>>> print(open('final_2.txt').read())   # compact mmCIF, C-alpha atoms and all ligand atoms
# COMPACT_ATOMS: atom_id res chain seq x y z
CA MET E 2 20.11 -19.77 -17.65
CA VAL E 3 18.23 -20.98 -14.59
CA ILE E 4 19.69 -24.24 -13.25
CA LEU E 5 16.85 -26.34 -11.79
CA LYS E 6 17.73 -28.61 -8.86
CA SER E 7 16.65 -32.16 -7.99
CA ASP E 8 15.06 -32.91 -4.62
CA ARG E 9 18.41 -34.42 -3.59
CA GLU E 10 20.23 -31.19 -4.44
CA ILE E 11 17.59 -29.18 -2.58
CA GLU E 12 18.29 -31.37 0.48
CA LEU E 13 22.01 -30.52 0.17
CA LEU E 14 21.10 -26.84 -0.13
CA ARG E 15 18.94 -27.19 2.99
CA GLU E 16 22.04 -28.37 4.90
CA CYS E 17 23.82 -25.22 3.71
CA GLY E 18 20.83 -23.10 4.67
CA ASP E 19 20.67 -24.68 8.11
CA LEU E 20 24.35 -23.99 8.78
CA VAL E 21 23.97 -20.34 7.72
CA SER E 22 20.91 -20.02 9.97
CA ARG E 23 22.79 -21.50 12.93
CA THR E 24 25.78 -19.25 12.27
CA LEU E 25 23.53 -16.18 12.36
CA ALA E 26 22.20 -17.43 15.72
CA GLU E 27 25.80 -17.65 17.01
CA VAL E 28 26.17 -14.00 16.02
CA ALA E 29 22.86 -13.24 17.76
CA LYS E 30 24.29 -14.62 21.04
CA ALA E 31 27.21 -12.20 20.97
CA ILE E 32 25.88 -9.10 19.23
CA GLN E 33 25.52 -6.22 21.73
CA PRO E 34 26.77 -2.72 22.47
CA GLY E 35 30.58 -2.63 22.85
CA VAL E 36 31.38 -5.59 20.60
CA SER E 37 33.37 -5.01 17.41
CA THR E 38 32.14 -6.23 14.06
CA LEU E 39 35.52 -7.93 13.58
CA ALA E 40 34.99 -10.04 16.74
CA LEU E 41 31.60 -11.20 15.41
CA ASP E 42 33.15 -12.01 12.04
CA ALA E 43 35.83 -14.15 13.72
CA LEU E 44 33.30 -16.17 15.70
CA ALA E 45 31.18 -16.76 12.59
CA GLU E 46 34.18 -18.01 10.62
CA GLU E 47 35.25 -20.29 13.46
CA TYR E 48 31.72 -21.74 13.73
CA ILE E 49 31.43 -22.37 9.97
CA ARG E 50 34.84 -24.05 9.72
CA SER E 51 34.18 -26.19 12.81
CA HIS E 52 31.20 -27.63 10.90
CA GLY E 53 33.29 -28.74 7.92
CA ALA E 54 32.22 -25.82 5.72
CA ALA E 55 33.89 -22.63 4.49
CA PRO E 56 32.75 -19.00 4.44
CA ALA E 57 31.38 -18.16 0.99
CA PHE E 58 31.98 -14.42 1.01
CA LYS E 59 35.62 -14.43 2.16
CA GLY E 60 37.70 -14.23 -1.00
CA TYR E 61 34.62 -13.60 -3.20
CA ARG E 62 35.78 -11.66 -6.25
CA VAL E 63 34.10 -9.00 -8.34
CA GLY E 64 36.61 -7.92 -10.98
CA ASN E 65 39.75 -6.89 -9.08
CA LEU E 66 37.92 -6.58 -5.77
CA VAL E 67 38.17 -9.35 -3.18
CA PHE E 68 35.76 -9.43 -0.20
CA PRO E 69 37.89 -9.87 2.95
CA SER E 70 35.41 -11.25 5.51
CA THR E 71 33.03 -14.04 6.47
CA LEU E 72 30.11 -11.70 7.20
CA CYS E 73 28.77 -8.57 5.59
CA MET E 74 27.92 -6.28 8.51
CA SER E 75 25.97 -3.23 7.46
CA ILE E 76 25.31 -0.65 10.16
CA ASN E 77 22.55 2.01 10.04
CA ASP E 78 22.83 3.80 6.66
CA VAL E 79 24.88 0.95 5.18
CA VAL E 80 22.48 -1.14 3.09
CA VAL E 81 24.63 -4.21 2.35
CA HIS E 82 28.24 -5.42 1.89
CA GLY E 83 29.66 -3.58 4.92
CA ILE E 84 33.12 -4.90 5.84
CA PRO E 85 33.68 -5.92 9.49
CA GLY E 86 36.41 -3.99 11.32
CA GLU E 87 37.43 -2.41 14.62
CA HIS E 88 34.21 -0.41 14.71
CA VAL E 89 32.30 -1.04 17.94
CA LEU E 90 28.50 -1.41 17.94
CA GLU E 91 26.45 1.08 19.92
CA GLU E 92 23.03 1.06 21.55
CA GLY E 93 20.42 1.94 18.95
CA ASP E 94 22.37 0.71 15.91
CA LEU E 95 20.61 -1.28 13.22
CA VAL E 96 22.88 -4.00 11.79
CA SER E 97 22.23 -6.24 8.82
CA VAL E 98 24.31 -9.41 9.15
CA ASP E 99 24.61 -11.36 5.91
CA CYS E 100 26.30 -14.77 5.91
CA GLY E 101 27.25 -17.26 3.20
CA VAL E 102 28.71 -20.77 3.42
CA VAL E 103 29.86 -23.46 1.03
CA LEU E 104 29.34 -27.06 2.13
CA ASN E 105 29.64 -30.21 -0.01
CA GLY E 106 29.98 -28.04 -3.11
CA TYR E 107 26.74 -26.11 -2.54
CA PHE E 108 26.11 -22.62 -1.22
CA GLY E 109 23.96 -21.15 1.55
CA ASP E 110 23.09 -17.46 1.99
CA SER E 111 20.88 -15.67 4.54
CA ALA E 112 20.67 -12.30 6.29
CA PHE E 113 18.98 -10.88 9.39
CA THR E 114 18.84 -7.31 10.69
CA PHE E 115 19.53 -6.91 14.41
CA GLY E 116 18.65 -3.97 16.59
CA ILE E 117 21.44 -3.27 19.12
CA GLY E 118 19.83 -2.75 22.52
CA LYS E 119 16.83 -0.48 22.23
CA ILE E 120 16.25 0.93 18.75
CA SER E 121 14.01 3.80 17.67
CA ASP E 122 10.36 3.23 16.79
CA GLU E 123 11.14 4.30 13.24
CA LYS E 124 13.85 1.65 12.88
CA THR E 125 11.47 -0.94 14.34
CA ARG E 126 8.82 -0.02 11.77
CA LEU E 127 11.41 -0.31 9.00
CA CYS E 128 12.43 -3.80 10.19
CA GLN E 129 8.80 -4.86 10.49
CA ALA E 130 7.94 -3.80 6.94
CA THR E 131 11.06 -5.43 5.48
CA TYR E 132 10.56 -8.65 7.43
CA GLU E 133 6.89 -8.90 6.51
CA SER E 134 7.66 -8.17 2.86
CA LEU E 135 9.99 -11.20 2.85
CA ASN E 136 7.21 -13.40 4.26
CA LEU E 137 4.83 -12.12 1.59
CA ALA E 138 7.44 -12.79 -1.08
CA ILE E 139 7.81 -16.39 0.12
CA GLU E 140 4.03 -16.86 -0.15
CA GLN E 141 4.31 -15.84 -3.81
CA THR E 142 7.08 -18.37 -4.47
CA ILE E 143 4.82 -21.10 -5.80
CA LEU E 144 4.76 -23.22 -8.93
CA GLY E 145 3.50 -21.27 -11.93
CA ASN E 146 3.90 -17.80 -10.41
CA ARG E 147 6.42 -15.41 -11.93
CA ILE E 148 9.44 -13.47 -10.65
CA GLY E 149 7.40 -10.25 -10.86
CA ASP E 150 4.86 -11.65 -8.38
CA ILE E 151 7.65 -11.82 -5.77
CA GLY E 152 8.96 -8.30 -6.33
CA SER E 153 5.56 -6.66 -6.51
CA VAL E 154 4.49 -7.77 -3.01
CA VAL E 155 7.79 -6.61 -1.50
CA GLN E 156 7.42 -3.25 -3.17
CA ASP E 157 3.78 -2.84 -2.17
CA ARG E 158 4.31 -3.81 1.49
CA CYS E 159 7.22 -1.40 1.95
CA THR E 160 6.04 1.58 -0.05
CA ILE E 161 2.72 1.59 1.82
CA ASP E 162 4.75 2.68 4.89
CA GLY E 163 6.65 5.25 2.82
CA PHE E 164 9.93 3.31 2.71
CA GLY E 165 12.28 3.19 -0.29
CA VAL E 166 12.84 -0.27 -1.81
CA VAL E 167 16.38 -0.55 -3.20
CA ARG E 168 16.40 -1.31 -6.92
CA ASP E 169 20.15 -1.31 -7.61
CA LEU E 170 20.65 -4.64 -5.82
CA VAL E 171 18.58 -7.80 -6.23
CA GLY E 172 18.11 -11.36 -4.96
CA HIS E 173 19.35 -14.32 -7.00
CA GLY E 174 19.33 -18.02 -7.73
CA ILE E 175 21.71 -20.21 -5.68
CA GLY E 176 23.22 -23.69 -6.04
CA LYS E 177 26.75 -24.74 -6.93
CA LYS E 178 27.39 -21.01 -7.28
CA LEU E 179 26.59 -18.29 -4.76
CA HIS E 180 24.90 -16.14 -7.38
CA GLU E 181 22.97 -17.84 -10.18
CA ALA E 182 20.18 -16.79 -12.52
CA PRO E 183 17.53 -15.56 -12.25
CA GLN E 184 17.81 -12.12 -10.70
CA VAL E 185 15.08 -11.55 -8.09
CA PRO E 186 14.28 -7.82 -7.93
CA ASN E 187 12.36 -6.39 -4.98
CA TYR E 188 10.03 -4.63 -7.39
CA GLY E 189 8.03 -5.83 -10.35
CA GLU E 190 4.66 -6.41 -11.83
CA ARG E 191 2.19 -9.19 -11.14
CA GLY E 192 2.27 -11.90 -13.80
CA VAL E 193 5.46 -10.59 -15.39
CA GLY E 194 8.91 -12.20 -15.56
CA LYS E 195 10.31 -15.73 -15.56
CA LYS E 196 7.91 -18.50 -14.55
CA LEU E 197 8.78 -20.37 -11.34
CA LYS E 198 9.40 -24.03 -12.15
CA ARG E 199 9.95 -27.09 -9.99
CA GLY E 200 13.60 -27.18 -8.92
CA ILE E 201 14.13 -23.43 -8.72
CA VAL E 202 16.05 -22.21 -5.65
CA LEU E 203 16.01 -18.49 -4.93
CA CYS E 204 17.58 -16.13 -2.41
CA ILE E 205 14.90 -13.53 -1.74
CA GLU E 206 16.37 -10.50 0.01
CA PRO E 207 14.47 -7.22 0.35
CA MET E 208 16.76 -4.25 1.06
CA VAL E 209 14.64 -1.35 2.27
CA ASN E 210 15.56 2.23 3.22
CA GLN E 211 13.75 4.50 5.63
CA GLY E 212 14.06 7.29 3.08
CA SER E 213 14.78 7.29 -0.63
CA ALA E 214 15.62 4.10 -2.52
CA ASP E 215 18.81 5.64 -3.91
CA VAL E 216 22.17 4.19 -2.86
CA SER E 217 25.87 4.91 -3.41
CA THR E 218 29.02 2.80 -3.06
CA ASP E 219 32.02 3.81 -0.91
CA ASP E 220 35.59 4.04 -2.25
CA ASP E 221 36.29 0.54 -0.86
CA GLY E 222 34.18 -0.76 -3.75
CA TRP E 223 31.88 -2.78 -1.47
CA THR E 224 30.05 -0.72 1.15
CA VAL E 225 26.64 0.31 -0.21
CA ARG E 226 24.96 3.22 1.62
CA THR E 227 21.66 5.03 1.40
CA ALA E 228 22.15 8.23 -0.59
CA ASP E 229 20.21 10.30 1.97
CA GLY E 230 21.85 8.82 5.09
CA THR E 231 18.68 7.19 6.45
CA PRO E 232 18.88 3.68 7.95
CA SER E 233 18.30 0.51 5.92
CA ALA E 234 17.09 -3.03 6.73
CA HIS E 235 17.73 -6.36 4.99
CA TYR E 236 16.41 -9.91 5.48
CA GLU E 237 17.19 -12.89 3.27
CA HIS E 238 15.88 -16.45 2.97
CA MET E 239 16.62 -19.30 0.57
CA VAL E 240 13.38 -20.60 -0.93
CA ALA E 241 13.00 -23.70 -3.14
CA ILE E 242 10.19 -25.32 -5.08
CA SER E 243 10.68 -29.08 -4.76
CA SER E 244 8.31 -31.96 -5.58
CA LYS E 245 6.81 -31.34 -2.11
CA GLY E 246 6.02 -27.70 -2.88
CA THR E 247 7.57 -24.52 -1.53
CA GLU E 248 10.29 -25.07 1.04
CA VAL E 249 12.16 -22.41 2.98
CA LEU E 250 15.73 -23.72 3.35
CA THR E 251 16.89 -21.16 5.91
CA THR E 252 15.22 -20.21 9.19
CA PHE E 253 15.22 -17.36 11.69
CA ALA E 254 13.87 -19.72 14.38
CA TYR E 255 17.32 -20.21 15.98
CA ILE E 256 17.69 -16.42 16.28
CA GLU E 257 14.16 -15.91 17.53
CA GLU E 258 14.68 -18.46 20.31
CA LEU E 259 17.36 -16.11 21.61
CA ILE E 260 16.09 -12.60 21.04
CA GLU E 261 12.72 -10.91 21.13
CA THR E 262 11.75 -9.45 17.81
CA PRO E 263 9.14 -6.72 17.89
CA TYR E 264 7.63 -7.81 14.60
CA LYS E 265 5.57 -10.71 13.36
CA GLN E 266 7.29 -14.05 13.65
CA PHE E 267 8.20 -15.80 10.46
CA GLU E 268 6.01 -18.74 9.61
CA GLN E 269 7.13 -21.68 7.52
CA VAL E 270 5.15 -21.74 4.30
CA ASN E 271 4.58 -24.96 2.44
CA HIS E 272 2.24 -25.06 -0.50
CA GLY E 273 1.74 -28.66 -1.61
MG MG E 301 23.20 -12.74 1.54
MG MG E 302 22.12 -13.19 -1.38
>>> encode(input="final_2.txt", output="structure tokens")
Amino acid sequence: MVILKSDREIELLRECGDLVSRTLAEVAKAIQPGVSTLALDALAEEYIRSHGAAPAFKGYRVGNLVFPSTLCMSINDVVVHGIPGEHVLEEGDLVSVDCGVVLNGYFGDSAFTFGIGKISDEKTRLCQATYESLNLAIEQTILGNRIGDIGSVVQDRCTIDGFGVVRDLVGHGIGKKLHEAPQVPNYGERGVGKKLKRGIVLCIEPMVNQGSADVSTDDDGWTVRTADGTPSAHYEHMVAISSKGTEVLTTFAYIEELIETPYKQFEQVNHG
């Protein structure tokens, strides 16, 4: 069941979204060749806790599995849910950093893919397509549209460049739980699926592979990789439909003040 939120709840979710966005910018300040993913995880946790919140992923359970870290850090062929560790980042790596917080009983969730130093043109093109597909998806998140309208634009934008859009993992609703209904696939058909109503809050998160869309999961139960070993990109925003229209509750602006992105800057969308 989709739990619709009041404007007041959407404001609380915006506070969560803002903290996640600022935490990702803290990571952006430190992410570079030679730094370990564990060091970045520690600084993110410290930042979140110093703002009266808690990491949402640390201790997150799926069956008997417990996620051990504040961030998911997914390098190169890892699509999502990579576990931070002693591994040191290298020039040319592509790293998706996904962060979740819980603040005042509500959740925030956002992800950004960083290039470490200079990355290949192919990786840049992959990031550009994924990033633009998220912007297009946000434009479709308007009253009366359907879930399929979101997925179809992501799919179309990425497949036009020959990239594989992951189907095994999807976006989701968010609120007093990290993962709520509805599922938000990155594929779909125009005019098909659940109708978007006032009060809906969605995490839209295209996960896009340079090669095939197929993925596999490591023995740790978490780490999801591309089946063909090609790199993968991932961006995620929280998007709400309030009485004011479409509101993006997370932002990449804090990151983009710090680093140059080679692709089109995200623009806030607000349809009244
Ligand atoms: Mg996320
Ligand atoms: Mg998410």
>>> residues_near_ligand(input="final_2.txt", ligand="ligand MG 302 (chain E)", cutoff="6 Å", atoms="all atoms listed in the file", output="list in words")
Asp110, Gly172 and Cys204 of chain E
>>> atom_distance(input="final_2.txt", atom1="atom CA of Ser75 of chain E", atom2="atom CA of Ser97 of chain E")
5.0 Å
>>> residues_near_ligand(input="final_2.txt", ligand="ligand MG 301 (chain E)", cutoff="10 Å", atoms="all atoms listed in the file", output="ChimeraX atom specification")
/E:21,57-58,72-73,81-82,97-102,109-113,172-173,179-180,204-206,235-239
>>> closest_residue(input="final_2.txt", among="E:Thr71, E:Leu20, E:Ile11, E:Gly93", to="Gly35 of chain E", atoms="all atoms listed in the file")
E:Gly93
>>> atom_distance(input="final_2.txt", atom1="atom CA of Leu14 of chain E", atom2="atom CA of Leu197 of chain E")
17.9 Å
>>> atom_distance(input="final_2.txt", atom1="atom CA of Asp162 of chain E", atom2="atom CA of Ala228 of chain E")
19.1 Å
>>> residues_around(input="final_2.txt", residues="Gly176 of chain E", least_positions_apart="6", cutoff="8 Å", atoms="all atoms listed in the file", output="list in words")
Lys6, Leu14, Tyr107, Phe108 and Val202 of chain E
>>> residues_around(input="final_2.txt", residues="Ser243 of chain E", least_positions_apart="4", cutoff="7 Å", atoms="all atoms listed in the file", output="list in words")
Asp8, Arg199, Gly200 and Thr247 of chain E
>>> closest_residue(input="final_2.txt", among="E:Arg147, E:Arg126, E:Lys177, E:Arg168", to="Ser217 of chain E", atoms="all atoms listed in the file")
E:Arg168
>>> axis_aligned_box(input="final_2.txt", around="segment 142-150 of chain E", padding_each_side="6 Å", output="lines of an AutoDock Vina configuration file")
center_x = 6.5
center_y = -16.7
center_z = -8.2
size_x = 17.9
size_y = 25.0
size_z = 19.5
>>> closest_residue(input="final_2.txt", among="E:Lys195, E:Ile256, E:Val154, E:Met208", to="Glu140 of chain E", atoms="only C-alpha atoms")
E:Val154
>>> closest_residue(input="final_2.txt", among="E:Glu16, E:Glu46, E:Asp221, E:Asp215", to="Phe164 of chain E", atoms="only C-alpha atoms")
E:Asp215
>>> closest_residue(input="final_2.txt", among="E:Gln141, E:Ser51, E:Thr227, E:Thr125", to="Gly192 of chain E", atoms="all atoms listed in the file")
E:Gln141
>>> residues_around(input="final_2.txt", residues="Asp122 of chain E", least_positions_apart="3", cutoff="12 Å", atoms="all atoms listed in the file", output="list in words")
Gly93, Leu95, Gly116, Lys119, Thr125, Arg126, Leu127, Cys128, Gln129, Gln211, Pro263 and Tyr264 of chain E
>>> residues_around(input="final_2.txt", residues="Gly53 of chain E", least_positions_apart="2", cutoff="10 Å", atoms="only C-alpha atoms", output="list in words")
Tyr48, Ile49, Arg50, Ser51, Ala55, Val103, Leu104 and Asn105 of chain E
>>> closest_residue(input="final_2.txt", among="E:Lys59, E:Val167, E:Val240, E:Asp220", to="Ala138 of chain E", atoms="only C-alpha atoms")
E:Val240
>>> decode(input="final_2.txt", residues="segment 100-113 of chain E", atoms="all heavy atoms", output="mmCIF file, in the first residue's frame")
data_model
loop_
_atom_site.group_PDB
_atom_site.id
_atom_site.type_symbol
_atom_site.label_atom_id
_atom_site.label_comp_id
_atom_site.auth_asym_id
_atom_site.auth_seq_id
_atom_site.Cartn_x
_atom_site.Cartn_y
_atom_site.Cartn_z
ATOM 1 N N CYS E 100 23.776 6.906 0.270
ATOM 2 C CA CYS E 100 23.727 7.247 1.692
ATOM 3 C C CYS E 100 22.278 7.321 2.162
ATOM 4 O O CYS E 100 21.421 7.847 1.453
ATOM 5 C CB CYS E 100 24.417 8.595 1.907
ATOM 6 S SG CYS E 100 24.474 9.135 3.626
ATOM 7 N N GLY E 101 22.030 6.800 3.355
ATOM 8 C CA GLY E 101 20.707 6.904 3.962
ATOM 9 C C GLY E 101 20.816 7.407 5.388
ATOM 10 O O GLY E 101 21.790 7.113 6.083
ATOM 11 N N VAL E 102 19.825 8.211 5.810
ATOM 12 C CA VAL E 102 19.785 8.684 7.206
ATOM 13 C C VAL E 102 18.380 8.504 7.757
ATOM 14 O O VAL E 102 17.410 8.402 7.004
ATOM 15 C CB VAL E 102 20.170 10.183 7.334
ATOM 16 C CG1 VAL E 102 21.557 10.441 6.764
ATOM 17 C CG2 VAL E 102 19.130 11.098 6.689
ATOM 18 N N VAL E 103 18.307 8.472 9.087
ATOM 19 C CA VAL E 103 17.007 8.563 9.752
ATOM 20 C C VAL E 103 17.088 9.718 10.748
ATOM 21 O O VAL E 103 18.046 9.840 11.520
ATOM 22 C CB VAL E 103 16.594 7.216 10.412
ATOM 23 C CG1 VAL E 103 17.650 6.694 11.354
ATOM 24 C CG2 VAL E 103 15.237 7.335 11.080
ATOM 25 N N LEU E 104 16.101 10.614 10.638
ATOM 26 C CA LEU E 104 16.079 11.849 11.436
ATOM 27 C C LEU E 104 14.623 12.134 11.808
ATOM 28 O O LEU E 104 13.755 12.172 10.916
ATOM 29 C CB LEU E 104 16.668 12.996 10.593
ATOM 30 C CG LEU E 104 16.635 14.411 11.153
ATOM 31 C CD1 LEU E 104 17.516 14.537 12.393
ATOM 32 C CD2 LEU E 104 17.089 15.431 10.092
ATOM 33 N N ASN E 105 14.365 12.315 13.078
ATOM 34 C CA ASN E 105 12.994 12.582 13.554
ATOM 35 C C ASN E 105 11.992 11.517 13.088
ATOM 36 O O ASN E 105 10.818 11.824 12.845
ATOM 37 C CB ASN E 105 12.523 13.974 13.098
ATOM 38 C CG ASN E 105 13.411 15.094 13.605
ATOM 39 O OD1 ASN E 105 13.844 15.060 14.753
ATOM 40 N ND2 ASN E 105 13.706 16.063 12.754
ATOM 41 N N GLY E 106 12.470 10.298 12.963
ATOM 42 C CA GLY E 106 11.567 9.192 12.610
ATOM 43 C C GLY E 106 11.312 9.025 11.127
ATOM 44 O O GLY E 106 10.534 8.153 10.730
ATOM 45 N N TYR E 107 11.949 9.863 10.301
ATOM 46 C CA TYR E 107 11.781 9.769 8.844
ATOM 47 C C TYR E 107 13.127 9.471 8.177
ATOM 48 O O TYR E 107 14.180 9.783 8.738
ATOM 49 C CB TYR E 107 11.178 11.060 8.279
ATOM 50 C CG TYR E 107 9.716 11.206 8.625
ATOM 51 C CD1 TYR E 107 9.334 11.740 9.852
ATOM 52 C CD2 TYR E 107 8.727 10.789 7.745
ATOM 53 C CE1 TYR E 107 7.997 11.856 10.198
ATOM 54 C CE2 TYR E 107 7.383 10.905 8.075
ATOM 55 C CZ TYR E 107 7.029 11.436 9.304
ATOM 56 O OH TYR E 107 5.710 11.531 9.635
ATOM 57 N N PHE E 108 13.036 8.936 6.960
ATOM 58 C CA PHE E 108 14.246 8.487 6.261
ATOM 59 C C PHE E 108 14.606 9.402 5.090
ATOM 60 O O PHE E 108 13.730 10.022 4.468
ATOM 61 C CB PHE E 108 14.065 7.052 5.741
ATOM 62 C CG PHE E 108 14.199 6.020 6.825
ATOM 63 C CD1 PHE E 108 13.118 5.695 7.636
ATOM 64 C CD2 PHE E 108 15.419 5.410 7.074
ATOM 65 C CE1 PHE E 108 13.246 4.760 8.657
ATOM 66 C CE2 PHE E 108 15.557 4.475 8.089
ATOM 67 C CZ PHE E 108 14.471 4.152 8.878
ATOM 68 N N GLY E 109 15.911 9.457 4.808
ATOM 69 C CA GLY E 109 16.436 10.121 3.618
ATOM 70 C C GLY E 109 17.343 9.160 2.879
ATOM 71 O O GLY E 109 17.975 8.298 3.509
ATOM 72 N N ASP E 110 17.429 9.285 1.549
ATOM 73 C CA ASP E 110 18.174 8.317 0.733
ATOM 74 C C ASP E 110 18.558 8.993 -0.583
ATOM 75 O O ASP E 110 17.684 9.511 -1.291
ATOM 76 C CB ASP E 110 17.241 7.112 0.485
ATOM 77 C CG ASP E 110 17.908 5.950 -0.235
ATOM 78 O OD1 ASP E 110 19.131 5.959 -0.419
ATOM 79 O OD2 ASP E 110 17.162 5.011 -0.593
ATOM 80 N N SER E 111 19.870 9.022 -0.895
ATOM 81 C CA SER E 111 20.313 9.630 -2.148
ATOM 82 C C SER E 111 21.658 9.027 -2.546
ATOM 83 O O SER E 111 22.412 8.555 -1.686
ATOM 84 C CB SER E 111 20.465 11.151 -1.995
ATOM 85 O OG SER E 111 20.913 11.757 -3.189
ATOM 86 N N ALA E 112 21.947 9.035 -3.828
ATOM 87 C CA ALA E 112 23.218 8.482 -4.318
ATOM 88 C C ALA E 112 23.774 9.341 -5.445
ATOM 89 O O ALA E 112 23.018 9.942 -6.222
ATOM 90 C CB ALA E 112 23.020 7.049 -4.808
ATOM 91 N N PHE E 113 25.112 9.370 -5.520
ATOM 92 C CA PHE E 113 25.818 10.113 -6.568
ATOM 93 C C PHE E 113 27.012 9.273 -7.003
ATOM 94 O O PHE E 113 27.656 8.635 -6.178
ATOM 95 C CB PHE E 113 26.306 11.455 -6.017
ATOM 96 C CG PHE E 113 26.844 12.402 -7.058
ATOM 97 C CD1 PHE E 113 26.006 13.302 -7.702
ATOM 98 C CD2 PHE E 113 28.202 12.390 -7.398
ATOM 99 C CE1 PHE E 113 26.493 14.174 -8.658
ATOM 100 C CE2 PHE E 113 28.695 13.259 -8.359
ATOM 101 C CZ PHE E 113 27.837 14.160 -8.991
#
